[in-house]
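Student: Pasting in a structure now, in structure tokens, and then I'll have a few things to ask.
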Amino acid sequence: MKTTRNDVRNVAIIAHVDHGKTTLVDGLLKQSGIFRENQEVAERVMDSNAIERERGITILSKNTAITYKDIKINIIDTPGHADFGGEVERVLKMVNGVILVVDAFEGPMPQTKFVLRKAMELRHPVIVCINKIDRPEARPKEVIDEVLELLMDLGADDKQLDCPFVFASAKAGTSSLEIEEEGVDMKPLLDTIINYIPAPVGNPKAGTQILISTIDYNEYVGRIGVGKVENGVVTVNEEVVIVNHHEPERKIKTKVSKLYEFDGLSKVDVKEAGIGSIVAISGISDLKIGDTLCAPDALKAIPFQKISEPTIAMDFIVNDSPFAGQEGKYVTSRHLRDRLYKELNTDVSLRVEDTDTTETFKVSGRGELHLSVLIENMRREGYEFAVSKAEVIYKEDENGKKLEPMERCYIDVPEEFSGAVISKLSERKGELLNMGSAAGTNGYTRLEFLIPARGLIGYRGDFMTDTKGNGIMNTIFDGYAPYKGDIEYRHQGSLIAFETGEAVAYGLFNAQDRGTLFIGPGEKVYSGMVIGTSGKGEDIELNVCKTKHLTNTRSSSADEALRLTPPKVMSLEQAIEFIDTDELLEVTPESLRIRKKILDSTKRKRAAMK
């Protein structure tokens with residue numbers, strides 16, 4: 001007998017990156033009274049990881065809960081980047097409706113479409129929150145039309161098309177139901193959630209059934225499974241069986257040793273939880289995303305979509321450069337292996353495979369950003385290692401034909417730069433599908449390309465240069481298609497250090513005419529290390545440790561001071577994009593160094609001739 005539980009609502013906040021999801025959750029939390037009056041609260045309090053705070057992006061979905069009018073509202077903040085789309089797909093299984101946040105100026109963007117499509121497939125009701133309504137250039141009326149068009153494109157039914165619109169400024173913590181009406185607080189949005197998002201339905205008398213949609217990990221308690229109670233009542237110390245829709249033979253008996261519910265930003269111990277509750281369960285080591293916890297007498301796995309496959313792979317290699325072990329705390333292959341396999345506890349879109357050598361591990365993910373966040377986390381924790389150029393993962397069709405992953409790429413760019421972008425992406429096997437003016441933007445052109453995923457590797461840096469930093473690029477995975485032919489990644493060669501030592505001004509002064517340098521005086525270099533990019537197509541070896549020979553008539557200071565051009569300092573992303581297939585990026589807690597895979601110049605030339 002199914003019943004409705006009216007004192008709970010479960011809702012996910014979905015949006016394109018940077019449209020204000022996390023800030024909106026901040027506003028709801030602050031007004032629900034979970035913080036003391038005088039408590040200092042960080043901005044974007046849900047972005048708890050250091051990288052999330054620095055980059056202003058959400059990487060992992062987060063759970064929180066507030067109480068309003070005696071109703072508990074479980075809110076899940078989801079990522080907006082395509083690389084973390086796997087998080088969004090899973091989280092939507094836990095909720096009964098979504099709040100779609102759309103920027104009042106930008107309108108619906110590619111990722112808005114992606115996350116909204118996932119919600120529509122599950123027939124979730126949608127509340128549209130037009131955010132940043134206080135932006136000087138906001139155009140809410142046009143954005144409403146664009147959202148309705150998008151809903152129609154995605155095949156929304158009448159109920160979904162008749163969705164409520166709420167106009168908010170998440171930053172100011174205000175919302176209203178009319179465009180002209182100025183908001184005072186978040187109550188209009190909270191009321192809309194309670195009136196429009198359906199209450200969870202289930203059978204409290206049936207056997208326990210919980211679908212695990214997210215895995216958290218904690219050093220002290222191990223794996224923590226987060227999911228919604230679909231049926232029954234789960235209690236502490238209850239015997240349960242783990243079953244999985246995709247692995248029918250997998251059945252593991254276990255016990256619920258700890259049970260938590262969410263309250264504000266913390267987890268609260270509870271003795272039992274009923275239908276519709278979002279719970280966290282710790283103490284079960286074999287738990288995976290997509291598992292269902294069932295009562296032993298009612299084994300029924302809840303269907304769960306397969307997690308999207310990775311499309312890009314990199315080798316993580318034990319650092320063997322002449323400077324190995326000088327800056328990192330964890331440097332051995334055992335350290336590297338343990339850390340990578342530990343990451344699998346929480347990141348389900350990641351794959352780690354051993355290779356035929358114990359020094360190298362193949363790590364596959366959803367995109368360059370996905371892997372660069374892992375690399376950045378590891379170097380902050382004290383790991384030292386090297387990574388190879390990102391390569392896409394190919395497949396074969398039934399006739400043995402090579403297939404490669406394709407991306408749909410949307411670019412908004414000032415008109416005068418569109419020619420440069422089209423020419424660069426065409427070189428990288430991109431096919432221009434559409435070109436028109438970007439909605440609501442003066443003088444901007446929107447380009448839509450279908451391009452092999454490998455064509456975008458290393459392109460972002462060029463894109464920023466070609467558009468003088470004014471372009472916006474968004475990509476979404478489009479599926480596999482026949483191989484499009486070879487692509488040349490980099491037209492310039494590398495400048496390579498000839499000997500190990502310390503770079504001096506005199507050596508650098510002579511080297512800077514040959515290209516752009518990455519290092520300054522006083523930096524340590526080793527033979528085979530890449531110290532710059534050459535102006536020509538081939539690699540050039542240089543001695544930057546060379547000092548000036550002194551004669552009887554010349555002193556070292558007699559010449560005029562040497563003028564050095566400041567070196568180009570690369571971020572982790574830029575370095576990952578820059579390296580070529582015969583190069584590695586050496587990553588340590590203190591430095592990023594680009595190097596040739598083969599350091600010895602004679603061996604390198606022999607390998608190139610082969």
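By convention here, the chains of the structure tokens are called A, B, ... in the order presented, each chain's residues are numbered starting at 1, and ligands are numbered starting at 1 in the order presented.
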Once you count only C-alpha atoms, what closest atom pair and distance in Å to one decimal does each residue of region 571-590 of chain A within 8 Å of region 363-381 of chain A have, with rows by chain and rising residue number, as JSON lines?
Tutor:
{"residue": "A:Leu572", "atom": "CA", "partner": "A:Ser372", "partner_atom": "CA", "distance": 7.3}
{"residue": "A:Glu573", "atom": "CA", "partner": "A:Ser372", "partner_atom": "CA", "distance": 6.6}
{"residue": "A:Ile576", "atom": "CA", "partner": "A:Ser372", "partner_atom": "CA", "distance": 8.0}
{"residue": "A:Val587", "atom": "CA", "partner": "A:Arg379", "partner_atom": "CA", "distance": 6.8}
{"residue": "A:Thr588", "atom": "CA", "partner": "A:Arg379", "partner_atom": "CA", "distance": 5.8}
{"residue": "A:Pro589", "atom": "CA", "partner": "A:Arg379", "partner_atom": "CA", "distance": 4.7}
Student: Please identify which residues in region 171-410 of chain A DSSP calls alpha helix (DSSP H) from the backbone, and express them as a VMD selection string.
Tutor: chain A and resid 187 to 196 333 to 343 368 to 380
Student: Using only C-alpha atoms, what table do you get, as a Markdown table, when you list each residue of region 314-367 of chain A with an atom no more than 12 Å from region 517-530 of chain A, its nearest pair of atoms, and their distance in Å rounded to one decimal, rows by chain then rising number?
Tutor:
| residue | atom | partner | partner_atom | distance |
| --- | --- | --- | --- | --- |
| A:Ser321 | CA | A:Tyr526 | CA | 8.3 |
| A:Pro322 | CA | A:Tyr526 | CA | 6.9 |
| A:Phe323 | CA | A:Tyr526 | CA | 8.1 |
| A:Ala324 | CA | A:Tyr526 | CA | 11.3 |
Student: Using the selection just defined, write its residues with all heavy atoms as a PDB file, in the first residue's frame.
Tutor:
ATOM      1  N   SER A 321      63.045  11.575 -13.238  1.00  0.00           N
ATOM      2  CA  SER A 321      63.923  12.638 -13.729  1.00  0.00           C
ATOM      3  C   SER A 321      65.117  12.778 -12.772  1.00  0.00           C
ATOM      4  O   SER A 321      65.080  12.266 -11.651  1.00  0.00           O
ATOM      5  CB  SER A 321      63.154  13.956 -13.801  1.00  0.00           C
ATOM      6  OG  SER A 321      63.193  14.602 -12.539  1.00  0.00           O
ATOM      7  N   PRO A 322      66.190  13.490 -13.197  1.00  0.00           N
ATOM      8  CA  PRO A 322      67.343  13.683 -12.301  1.00  0.00           C
ATOM      9  C   PRO A 322      66.973  14.372 -10.977  1.00  0.00           C
ATOM     10  O   PRO A 322      67.706  14.262 -10.008  1.00  0.00           O
ATOM     11  CB  PRO A 322      68.275  14.571 -13.130  1.00  0.00           C
ATOM     12  CG  PRO A 322      67.905  14.296 -14.545  1.00  0.00           C
ATOM     13  CD  PRO A 322      66.441  14.032 -14.544  1.00  0.00           C
ATOM     14  N   PHE A 323      65.834  15.090 -10.945  1.00  0.00           N
ATOM     15  CA  PHE A 323      65.435  15.774  -9.706  1.00  0.00           C
ATOM     16  C   PHE A 323      64.401  14.969  -8.910  1.00  0.00           C
ATOM     17  O   PHE A 323      63.763  15.494  -8.006  1.00  0.00           O
ATOM     18  CB  PHE A 323      64.845  17.158 -10.021  1.00  0.00           C
ATOM     19  CG  PHE A 323      65.810  18.108 -10.671  1.00  0.00           C
ATOM     20  CD1 PHE A 323      65.365  19.277 -11.279  1.00  0.00           C
ATOM     21  CD2 PHE A 323      67.179  17.839 -10.697  1.00  0.00           C
ATOM     22  CE1 PHE A 323      66.252  20.151 -11.889  1.00  0.00           C
ATOM     23  CE2 PHE A 323      68.081  18.709 -11.304  1.00  0.00           C
ATOM     24  CZ  PHE A 323      67.613  19.871 -11.901  1.00  0.00           C
ATOM     25  N   ALA A 324      64.211  13.706  -9.264  1.00  0.00           N
ATOM     26  CA  ALA A 324      63.163  12.897  -8.617  1.00  0.00           C
ATOM     27  C   ALA A 324      63.406  12.805  -7.112  1.00  0.00           C
ATOM     28  O   ALA A 324      64.549  12.656  -6.664  1.00  0.00           O
ATOM     29  CB  ALA A 324      63.148  11.503  -9.226  1.00  0.00           C
TER      30      ALA A 324
END
Student: From region 224-447 of chain A, collect each residue whose DSSP state is strand (DSSP E or B) and return the set as JSON, numbers by chain.
Tutor: {"A": [224, 225, 226, 227, 228, 229, 230, 231, 234, 235, 239, 240, 241, 242, 243, 244, 247, 248, 249, 250, 251, 252, 253, 254, 255, 258, 259, 260, 261, 262, 263, 264, 266, 267, 268, 269, 272, 273, 278, 279, 280, 281, 282, 291, 292, 293, 294, 312, 313, 314, 315, 316, 317, 318, 330, 351, 352, 353, 354, 360, 361, 362, 363, 364, 365, 383, 385, 386, 387, 388, 391, 392, 395, 396, 402, 403, 404, 405, 406, 407, 408, 409, 410, 411, 412, 413, 414, 431, 432, 433, 434, 435, 436, 437, 444, 445, 446, 447]}
Student: I'd like to know which of A:Pro125, A:Gly328, A:Pro108, A:Gly225 is closest to Val143 (chain A), using only C-alpha atoms.
Tutor: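 The closest residue to Val143 (chain A) is A:Pro108.
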